[in-house]
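Remarks on the structure that follows.
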Amino acid sequence: GNSVTQMEGPVTLSEEAFLTINCTYTATGYPSLFWYVQYPGEGLQLLLKATKADDKGSNKGFEATYRKETTSFHLEKGSVQVSDSAVYFCALRGPRGRRALTFGSGTRLQVQP
Amino acid sequence: NAGVTQTPKFQVLKTGQSMTLQCAQDMNHEYMSWYRQDPGMGLRLIHYSVGAGITDQGEVPNGYNVSRSTTEDFPLRLLSAAPSQTSVYFCASSYGTPSGANVLTFGAGSRLTVL
């Protein structure tokens, strides 16, 4: 079946540091890949997505590239801000048959001023 | 723009009590779903619906019932609450089954504690 593995948190960084949150997946075929973000006290929001190999999703300074050869979709940002403190979830949807997203366990990011 | 509205935001139950978590969306989304979020386990799908009158089980359906009598509403029922159902519950919806094109919109969550 499909699965998503994320690096465990929390990840604690200083403002303006470089961020990488690792995400690898197991799926048959070519899934669509997503990063969702959950700010304190709120529901999840889509941050970015990629639907085919080598696609790069980007939003709000965050980027992630769909790597089929390494089955990865790592999230990166060149300079984090305190306002980026949140929980980040990697997710996938299989190419056929599955009517739901499979989520990773989430990675909490704490950015200190 | 209300989006996905969940009620209540917080609830405390005793073991064996029943309750219903409400979910309503005003975006005319066909697809609605319920997830539970537990520490270290991410989000797990409980039940989902692809349209009015159609529901199906997700990854962890035991102890929960759903119905979809209208496009807008998708309530989640706990018939006899257990401490293992202590969690944060999220309702989410999309135009079609979630994909690269059909993005899930989440509610703000309902925190349930079962004593």
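The chains in the structure tokens are called A, B, ... from first to last as shown; in each chain the residues are counted from 1, and the ligands are counted from 1 in the order shown.
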
Please list as a CSV table (one decimal) with C-alpha atoms, in the first residue's frame every residue within 12 Å of Glu69 (chain A), counting only C-alpha atoms and excluding residues in the same chain fewer than 3 positions away.
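What follows is the written file around.csv:
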```csv
chain,number,residue,atom,x,y,z
A,24,THR,CA,10.0,9.8,1.1
A,25,TYR,CA,7.2,7.8,-0.2
A,26,THR,CA,6.1,4.3,-1.2
A,30,TYR,CA,3.1,7.9,-10.3
A,53,ALA,CA,8.2,13.4,-11.9
A,54,ASP,CA,10.7,16.3,-11.9
A,65,THR,CA,10.8,18.7,-6.3
A,66,TYR,CA,9.2,15.4,-7.2
A,72,SER,CA,11.3,11.8,-2.4
A,73,PHE,CA,9.6,15.2,-2.1
```

message = Using only C-alpha atoms and a cut-off of 10 Å, which residues of chain B sit close to chain A? Please list them as JSON, numbers by chain.
response = {"B": [4, 31, 32, 33, 37, 38, 39, 40, 41, 42, 43, 44, 45, 47, 48, 49, 50, 56, 58, 59, 89, 90, 91, 92, 96, 97, 98, 99, 100, 101, 103, 104, 105, 106, 107, 108, 109, 110]}

ask   = DSSP says strand (DSSP E) for which residues of chain A? Put them as a VMD selection string?
value = chain A and resid 3 to 6 11 to 14 19 to 21 23 to 26 32 to 38 44 to 50 56 to 59 62 to 65 75 to 77 86 to 93 102 to 103 107 to 112

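Going from CA of Gly29 (chain A) to CA of Arg36 (chain B) covers 27.1 Å.
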
ask   = Near Leu79 (chain B), counting only C-alpha atoms, which residues have an atom at most 9 Å away, once you skip same-chain residues fewer than 5 positions from it, shown as a VMD selection string?
value = chain B and resid 16 to 20 63 to 65

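CA of Trp35 (chain A) to CA of Leu75 (chain A) spans 7.7 Å [interatomic distance, one decimal].
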
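Minimum atom-to-atom distances from B:Val60, B:Leu112, B:Val66, B:Ile46 to Pro8 (chain B) were compared using only C-alpha atoms, and the lowest value belongs to B:Leu112.
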